[in-house]
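The structure file start05.cif is reproduced below (mmCIF, C-alpha atoms).
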```cif
data_data
#
loop_
_atom_site.label_atom_id
_atom_site.label_comp_id
_atom_site.auth_asym_id
_atom_site.auth_seq_id
_atom_site.Cartn_x
_atom_site.Cartn_y
_atom_site.Cartn_z
CA MET A 11 0.00 0.00 0.00
CA VAL A 12 1.23 3.48 -0.87
CA ARG A 13 1.30 5.49 2.37
CA CYS A 14 1.71 9.15 3.09
CA ALA A 15 0.67 11.51 5.84
CA ALA A 16 -1.10 13.67 3.24
CA VAL A 17 -4.77 13.48 2.34
CA PHE A 18 -5.62 10.48 0.15
CA ASP A 19 -7.48 11.14 -3.11
CA LEU A 20 -7.87 7.45 -3.98
CA GLU A 21 -8.36 4.64 -1.46
CA LEU A 22 -9.20 0.97 -1.38
CA ALA A 23 -9.47 -0.54 2.10
CA SER A 24 -9.32 -4.35 2.13
CA ALA A 25 -11.38 -4.20 -1.05
CA SER A 26 -12.55 -7.41 -2.68
CA LYS A 27 -14.69 -7.87 -5.77
CA ARG A 28 -16.19 -11.16 -6.86
CA TYR A 29 -18.05 -11.87 -10.08
CA GLY A 30 -19.85 -15.15 -9.51
CA ARG A 31 -17.13 -17.55 -8.37
CA ARG A 32 -14.30 -15.46 -9.79
CA HIS A 33 -12.40 -13.17 -7.45
CA ALA A 34 -11.32 -10.14 -9.49
CA LEU A 35 -9.80 -8.46 -6.40
CA SER A 36 -8.98 -9.89 -2.98
CA GLN A 37 -8.23 -7.76 0.08
CA VAL A 38 -6.56 -4.94 -1.85
CA ASP A 39 -5.31 -1.92 0.08
CA LEU A 40 -4.41 1.17 -1.90
CA ALA A 41 -3.96 4.75 -0.72
CA VAL A 42 -2.84 7.36 -3.23
CA PRO A 43 -1.84 10.67 -1.61
CA ARG A 44 -2.89 13.98 -3.08
CA GLY A 45 -0.47 15.01 -5.80
CA ALA A 46 1.08 11.56 -6.21
CA SER A 47 1.58 9.78 -9.53
CA VAL A 48 1.07 6.02 -9.22
CA GLY A 49 1.36 3.27 -11.81
CA LEU A 50 -0.98 0.30 -11.46
CA LEU A 51 0.57 -2.75 -13.07
CA GLY A 52 -0.40 -6.37 -13.57
CA ALA A 53 -0.81 -9.11 -16.15
CA ASN A 54 -4.10 -9.48 -18.03
CA GLY A 55 -6.85 -10.32 -15.55
CA ALA A 56 -4.87 -9.14 -12.54
CA GLY A 57 -7.62 -6.74 -11.47
CA LYS A 58 -6.37 -3.34 -12.63
CA THR A 59 -9.55 -2.23 -14.39
CA THR A 60 -11.68 -3.63 -11.55
CA ALA A 61 -9.72 -1.48 -9.09
CA LEU A 62 -10.43 1.62 -11.19
CA ARG A 63 -14.11 0.71 -11.44
CA LEU A 64 -14.37 0.45 -7.65
CA LEU A 65 -12.63 3.79 -7.17
CA LEU A 66 -15.00 5.48 -9.61
CA GLY A 67 -18.16 3.87 -8.26
CA PHE A 68 -18.80 1.86 -11.42
CA ALA A 69 -18.83 -1.30 -9.31
CA ILE A 70 -19.53 -2.05 -5.64
CA PRO A 71 -16.94 -3.89 -3.52
CA THR A 72 -18.06 -7.33 -2.42
CA ARG A 73 -16.13 -6.59 0.77
CA GLY A 74 -14.12 -3.65 2.01
CA ALA A 75 -14.51 -0.08 0.86
CA ALA A 76 -13.49 2.45 -1.79
CA ARG A 77 -13.08 6.20 -1.35
CA LEU A 78 -12.74 8.87 -4.03
CA ARG A 79 -11.45 12.23 -2.84
CA GLY A 80 -12.33 11.19 0.72
CA ARG A 81 -15.94 10.33 -0.13
CA ASP A 82 -18.04 7.35 -1.11
CA PRO A 83 -17.64 7.05 -4.91
CA PHE A 84 -21.44 6.98 -5.22
CA ASP A 85 -21.59 10.50 -3.79
CA PRO A 86 -21.74 12.79 -6.87
CA ALA A 87 -19.56 15.31 -5.03
CA SER A 88 -16.69 12.80 -5.04
CA ARG A 89 -16.42 12.99 -8.82
CA ARG A 90 -15.99 16.75 -9.10
CA GLY A 91 -12.57 17.50 -10.48
CA VAL A 92 -12.00 13.89 -11.60
CA GLY A 93 -10.93 13.03 -15.16
CA TYR A 94 -11.14 9.48 -16.49
CA LEU A 95 -9.96 7.77 -19.66
CA PRO A 96 -11.30 4.19 -19.91
CA GLU A 97 -9.41 1.36 -21.56
CA ARG A 98 -12.21 0.78 -24.05
CA LEU A 99 -13.42 4.21 -25.04
CA ARG A 100 -16.90 3.95 -26.52
CA LEU A 101 -17.63 6.98 -28.66
CA PRO A 102 -21.29 7.80 -29.39
CA ARG A 103 -22.60 7.34 -32.91
CA ALA A 104 -23.45 10.40 -35.01
CA MET A 105 -22.09 12.88 -32.44
CA THR A 106 -19.44 15.37 -33.45
CA LEU A 107 -16.34 15.77 -31.38
CA ALA A 108 -17.48 19.28 -30.41
CA ARG A 109 -20.80 17.91 -29.12
CA PHE A 110 -19.05 15.04 -27.34
CA LEU A 111 -16.79 17.47 -25.48
CA ARG A 112 -19.64 19.85 -24.68
CA VAL A 113 -21.57 17.00 -23.05
CA HIS A 114 -18.59 15.88 -20.99
CA GLY A 115 -17.71 19.46 -20.13
CA ALA A 116 -21.24 20.05 -18.84
CA LEU A 117 -20.96 16.90 -16.72
CA ALA A 118 -17.73 18.36 -15.32
CA GLY A 119 -19.58 21.54 -14.31
CA LEU A 120 -18.37 23.75 -17.14
CA ALA A 121 -20.67 26.07 -19.08
CA GLY A 122 -20.73 29.04 -21.44
CA ALA A 123 -17.48 30.82 -22.21
CA ASP A 124 -15.54 28.69 -19.70
CA LEU A 125 -16.58 25.52 -21.51
CA ALA A 126 -15.75 26.99 -24.90
CA ARG A 127 -12.27 28.00 -23.68
CA GLU A 128 -11.64 24.57 -22.19
CA ILE A 129 -12.66 22.79 -25.39
CA GLU A 130 -10.38 25.05 -27.40
CA SER A 131 -7.53 24.42 -24.96
CA VAL A 132 -7.78 20.62 -24.68
CA THR A 133 -8.30 20.07 -28.41
CA GLU A 134 -5.30 22.26 -29.20
CA THR A 135 -3.24 20.36 -26.61
CA THR A 136 -4.25 16.91 -27.86
CA GLY A 137 -4.05 17.73 -31.56
CA VAL A 138 -7.70 17.22 -32.51
CA ARG A 139 -8.88 20.82 -32.86
CA ASP A 140 -9.34 20.44 -36.62
CA ARG A 141 -11.64 17.44 -36.02
CA LEU A 142 -14.23 19.25 -33.90
CA HIS A 143 -16.99 19.01 -36.49
CA GLU A 144 -16.36 15.39 -37.46
CA PRO A 145 -18.38 12.45 -36.08
CA VAL A 146 -16.37 10.89 -33.25
CA ASP A 147 -17.29 7.34 -34.26
CA GLY A 148 -15.47 7.93 -37.57
CA LEU A 149 -12.15 8.84 -35.99
CA SER A 150 -9.18 6.51 -36.33
CA LYS A 151 -8.05 4.62 -33.23
CA GLY A 152 -5.24 7.07 -32.57
CA LEU A 153 -7.42 10.15 -33.03
CA ALA A 154 -10.16 8.57 -30.90
CA GLN A 155 -7.62 8.07 -28.11
CA ARG A 156 -6.57 11.70 -28.42
CA ALA A 157 -10.25 12.70 -28.23
CA GLY A 158 -10.57 10.56 -25.10
CA PHE A 159 -7.62 12.34 -23.55
CA ALA A 160 -9.22 15.67 -24.45
CA GLN A 161 -12.41 14.82 -22.53
CA ALA A 162 -10.40 13.49 -19.57
CA LEU A 163 -8.42 16.74 -19.38
CA LEU A 164 -11.45 19.05 -19.53
CA GLY A 165 -11.52 21.47 -16.61
CA LYS A 166 -7.96 20.66 -15.49
CA PRO A 167 -9.02 17.83 -13.15
CA ASP A 168 -7.43 17.48 -9.72
CA VAL A 169 -7.54 13.67 -10.06
CA LEU A 170 -6.78 11.84 -13.28
CA LEU A 171 -7.40 8.10 -13.78
CA LEU A 172 -6.04 6.64 -17.00
CA ASP A 173 -6.63 3.03 -18.08
CA GLU A 174 -4.14 1.99 -20.79
CA PRO A 175 -3.73 5.61 -21.91
CA THR A 176 -1.33 4.95 -24.80
CA SER A 177 -3.49 2.25 -26.42
CA GLY A 178 -3.72 2.87 -30.18
CA LEU A 179 -1.28 5.79 -30.18
CA ASP A 180 1.67 5.94 -32.55
CA PRO A 181 5.15 6.79 -31.16
CA LEU A 182 4.47 10.53 -31.47
CA GLY A 183 1.14 10.09 -29.68
CA VAL A 184 2.83 8.11 -26.92
CA ARG A 185 5.32 10.95 -26.46
CA ASP A 186 2.45 13.45 -26.40
CA ALA A 187 0.53 11.39 -23.83
CA ARG A 188 3.59 11.38 -21.62
CA ASP A 189 3.73 15.17 -21.87
CA TRP A 190 0.02 15.49 -20.99
CA ILE A 191 0.49 13.32 -17.90
CA SER A 192 3.61 15.24 -16.90
CA ALA A 193 1.76 18.54 -17.28
CA ALA A 194 -1.04 17.28 -15.01
CA ARG A 195 1.54 16.23 -12.45
CA ALA A 196 3.29 19.59 -12.68
CA ARG A 197 0.10 21.44 -11.70
CA GLY A 198 -0.37 19.14 -8.70
CA ALA A 199 -2.94 16.65 -9.98
CA THR A 200 -3.16 13.17 -8.50
CA VAL A 201 -2.56 10.65 -11.28
CA LEU A 202 -3.25 6.90 -11.38
CA VAL A 203 -2.11 5.14 -14.55
CA SER A 204 -3.04 1.54 -15.31
CA SER A 205 -0.83 0.28 -18.10
CA HIS A 206 1.01 -2.64 -19.69
CA VAL A 207 3.64 -0.25 -21.06
CA LEU A 208 6.16 -0.40 -18.25
CA SER A 209 8.53 2.11 -19.84
CA GLU A 210 5.82 4.77 -19.83
CA VAL A 211 4.93 4.08 -16.20
CA GLU A 212 8.61 4.34 -15.36
CA ARG A 213 8.76 7.77 -17.00
CA THR A 214 5.52 9.24 -15.63
CA CYS A 215 5.03 7.72 -12.16
CA ASP A 216 6.85 8.00 -8.85
CA GLN A 217 5.24 4.99 -7.21
CA VAL A 218 4.01 1.61 -8.41
CA VAL A 219 1.45 -0.96 -7.28
CA ILE A 220 1.76 -4.42 -8.87
CA LEU A 221 -1.27 -6.72 -8.83
CA ARG A 222 -1.10 -10.48 -9.21
CA GLU A 223 -4.30 -12.51 -9.47
CA GLY A 224 -6.30 -9.79 -7.72
CA ARG A 225 -3.88 -9.21 -4.86
CA VAL A 226 -1.11 -6.68 -4.26
CA ALA A 227 2.16 -8.44 -5.06
CA ALA A 228 4.41 -5.41 -4.51
CA SER A 229 4.11 -1.67 -4.00
CA GLY A 230 6.21 1.34 -3.18
CA ALA A 231 8.41 4.03 -4.66
CA LEU A 232 10.09 3.12 -7.93
CA GLY A 233 13.52 3.50 -6.37
CA ALA A 234 12.62 1.01 -3.64
CA LEU A 235 11.06 -1.61 -5.91
CA VAL A 236 13.67 -1.58 -8.66
CA GLN A 237 16.91 -3.08 -7.41
CA PRO A 238 20.34 -1.86 -8.62
CA GLY A 239 20.95 -3.00 -12.18
CA GLU A 240 17.26 -3.81 -12.71
CA SER A 241 14.62 -2.28 -14.92
CA LEU A 242 10.99 -1.90 -13.91
CA GLU A 243 10.29 -4.87 -16.17
CA ASP A 244 12.68 -7.00 -14.09
CA ALA A 245 10.97 -5.91 -10.86
CA PHE A 246 7.55 -6.59 -12.39
CA VAL A 247 8.46 -10.11 -13.52
CA ARG A 248 9.97 -10.89 -10.13
CA ALA A 249 6.80 -9.72 -8.36
CA VAL A 250 4.30 -11.60 -10.53
CA ARG A 251 6.30 -14.83 -10.72
CA SER A 252 7.57 -15.12 -7.16
#
```
What do you get writing this file as structure tokens?
Amino acid sequence: MVRCAAVFDLELASASKRYGRRHALSQVDLAVPRGASVGLLGANGAGKTTALRLLLGFAIPTRGAARLRGRDPFDPASRRGVGYLPERLRLPRAMTLARFLRVHGALAGLAGADLAREIESVTETTGVRDRLHEPVDGLSKGLAQRAGFAQALLGKPDVLLLDEPTSGLDPLGVRDARDWISAARARGATVLVSSHVLSEVERTCDQVVILREGRVAASGALGALVQPGESLEDAFVRAVRS
């Protein structure tokens, strides 16, 4: 468990989630301090997306508890100032990118000139400003991922949860995504990144939590987990195979 005396923006307390007979998470403790940048790692099926779903209130723990910004995730107030990019971004049919962002901006509490400025800013940042009047379901995978980042960044969220954020991006897009995450960190946002791309986690996160079969196999600061002469990949393999 990541520990700090600061206020925790993201917490799982002995959280378990079962789907039928399958245990997606078992007794997971996670506490992400305000302003921290944490990478959530694990093999396929390790429970990473389930952990994010519990934190966001998309699923209810079978046991234990989840807290988002110090509140129950089902409390609408907990989601103010929270940006989220899902692993499988489902874009609505026959909706332009401009309309898509206006809807998400309104959900984030933005309106009028503030919303217009935010849309201009995030689309310029993510490189999709010239696609505003195109249907989002017609965008290529890479452009769709950029559009997803744009909606996640609306309103400069204080908490940013990213599930496989570089999926579908070309090398330039991966570099851009790293810059967007670094910029969020620089302004003090709390960032949780779930990813299979260990090199990107190594470059954007200070701390790491490794899940194995729904349980925490290792956690801590990168410098503590990665032994001298190791890469994060070496530390990851050691944790999931030990």
Residues within 6 Å of Ala25 of chain A, all atoms listed in the file, excluding chain neighbours under 4 positions, as a ChimeraX atom specification: /A:37-38,73-75
Name all residues at most 7 Å from segment 57-64 of chain A (count only C-alpha atoms; drop same-chain ones fewer than 3 positions away) and give them as a list of chain:residue names. A:Ala34, A:Leu35, A:Leu50, A:Leu51, A:Gly52, A:Gly67, A:Phe68, A:Ala69, A:Ile70, A:Pro71, A:Ala76, A:Ser204, A:Leu221, A:Glu223, A:Gly224
Expected file contents, prior selection, C-alpha atoms, as a CSV table (one decimal), in the frame of the given file:
```
chain,number,residue,atom,x,y,z
A,34,ALA,CA,-11.3,-10.1,-9.5
A,35,LEU,CA,-9.8,-8.5,-6.4
A,50,LEU,CA,-1.0,0.3,-11.5
A,51,LEU,CA,0.6,-2.8,-13.1
A,52,GLY,CA,-0.4,-6.4,-13.6
A,67,GLY,CA,-18.2,3.9,-8.3
A,68,PHE,CA,-18.8,1.9,-11.4
A,69,ALA,CA,-18.8,-1.3,-9.3
A,70,ILE,CA,-19.5,-2.0,-5.6
A,71,PRO,CA,-16.9,-3.9,-3.5
A,76,ALA,CA,-13.5,2.4,-1.8
A,204,SER,CA,-3.0,1.5,-15.3
A,221,LEU,CA,-1.3,-6.7,-8.8
A,223,GLU,CA,-4.3,-12.5,-9.5
A,224,GLY,CA,-6.3,-9.8,-7.7
```
Among the residues A:Val17, A:Leu149, A:Ala187, A:Val48, the one that comes closest to Thr136 of chain A [using all atoms listed in the file]: A:Ala187
Find the spatial neighbours of Val113 of chain A, counting all atoms listed in the file, within a cut-off of 12 Å - ignore same-chain residues fewer than 4 positions away - and output them as a VMD selection string. chain A and resid 102 105 to 109 117 to 121 125 to 126 129 161 164
Got a sec to resolve the PyMOL selection byres ((chain A and resi 94-97) around 6) on this structure and send the residues as a PyMOL selection string? chain A and resi 93+98-99+162+170-174
Please identify all polymer residues lying at most 9 Å from the point (-8.9, 20.7, -8.6) (file coordinates), using only C-alpha atoms, and present the result as a list in words.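 Within 9 Å of (-8.9, 20.7, -8.6), the protein and nucleic acid residues are Arg90, Gly91, Val92, Gly165, Lys166, Pro167, Asp168, Val169, Gly198 and Ala199 of chain A.
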Produce a file of the selected residues containing C-alpha atoms, as a PDB file, in the frame of the given file.
```
ATOM      1  CA  ARG A  90     -15.990  16.750  -9.100  1.00  0.00           C
ATOM      2  CA  GLY A  91     -12.570  17.500 -10.480  1.00  0.00           C
ATOM      3  CA  VAL A  92     -12.000  13.890 -11.600  1.00  0.00           C
ATOM      4  CA  GLY A 165     -11.520  21.470 -16.610  1.00  0.00           C
ATOM      5  CA  LYS A 166      -7.960  20.660 -15.490  1.00  0.00           C
ATOM      6  CA  PRO A 167      -9.020  17.830 -13.150  1.00  0.00           C
ATOM      7  CA  ASP A 168      -7.430  17.480  -9.720  1.00  0.00           C
ATOM      8  CA  VAL A 169      -7.540  13.670 -10.060  1.00  0.00           C
ATOM      9  CA  GLY A 198      -0.370  19.140  -8.700  1.00  0.00           C
ATOM     10  CA  ALA A 199      -2.940  16.650  -9.980  1.00  0.00           C
TER      11      ALA A 199
END
```
Would you list the residues near (7.4, 6.8, -13.2) (no more than 12 Å away, in the coordinates of the file, using all atoms listed in the file) as a VMD selection string? chain A and resid 46 to 51 188 191 to 192 195 201 to 205 207 to 219 230 to 233 235 to 236 241 to 242
If I take atom CA of Gly45 of chain A and atom CA of Arg79 of chain A, how far is one from the other in Å, to one decimal?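 It comes out at 11.7 Å.
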Pick from A:Leu78, A:Val184, A:Ala194, A:Ala154: nearest to Asp19 of chain A, with all atoms listed in the file counted?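 Ranked by minimum distance to Asp19 of chain A, first place goes to A:Leu78.
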Atom CA of Gly115 of chain A to atom CA of Thr200 of chain A, straight-line distance in Å: 19.7 Å
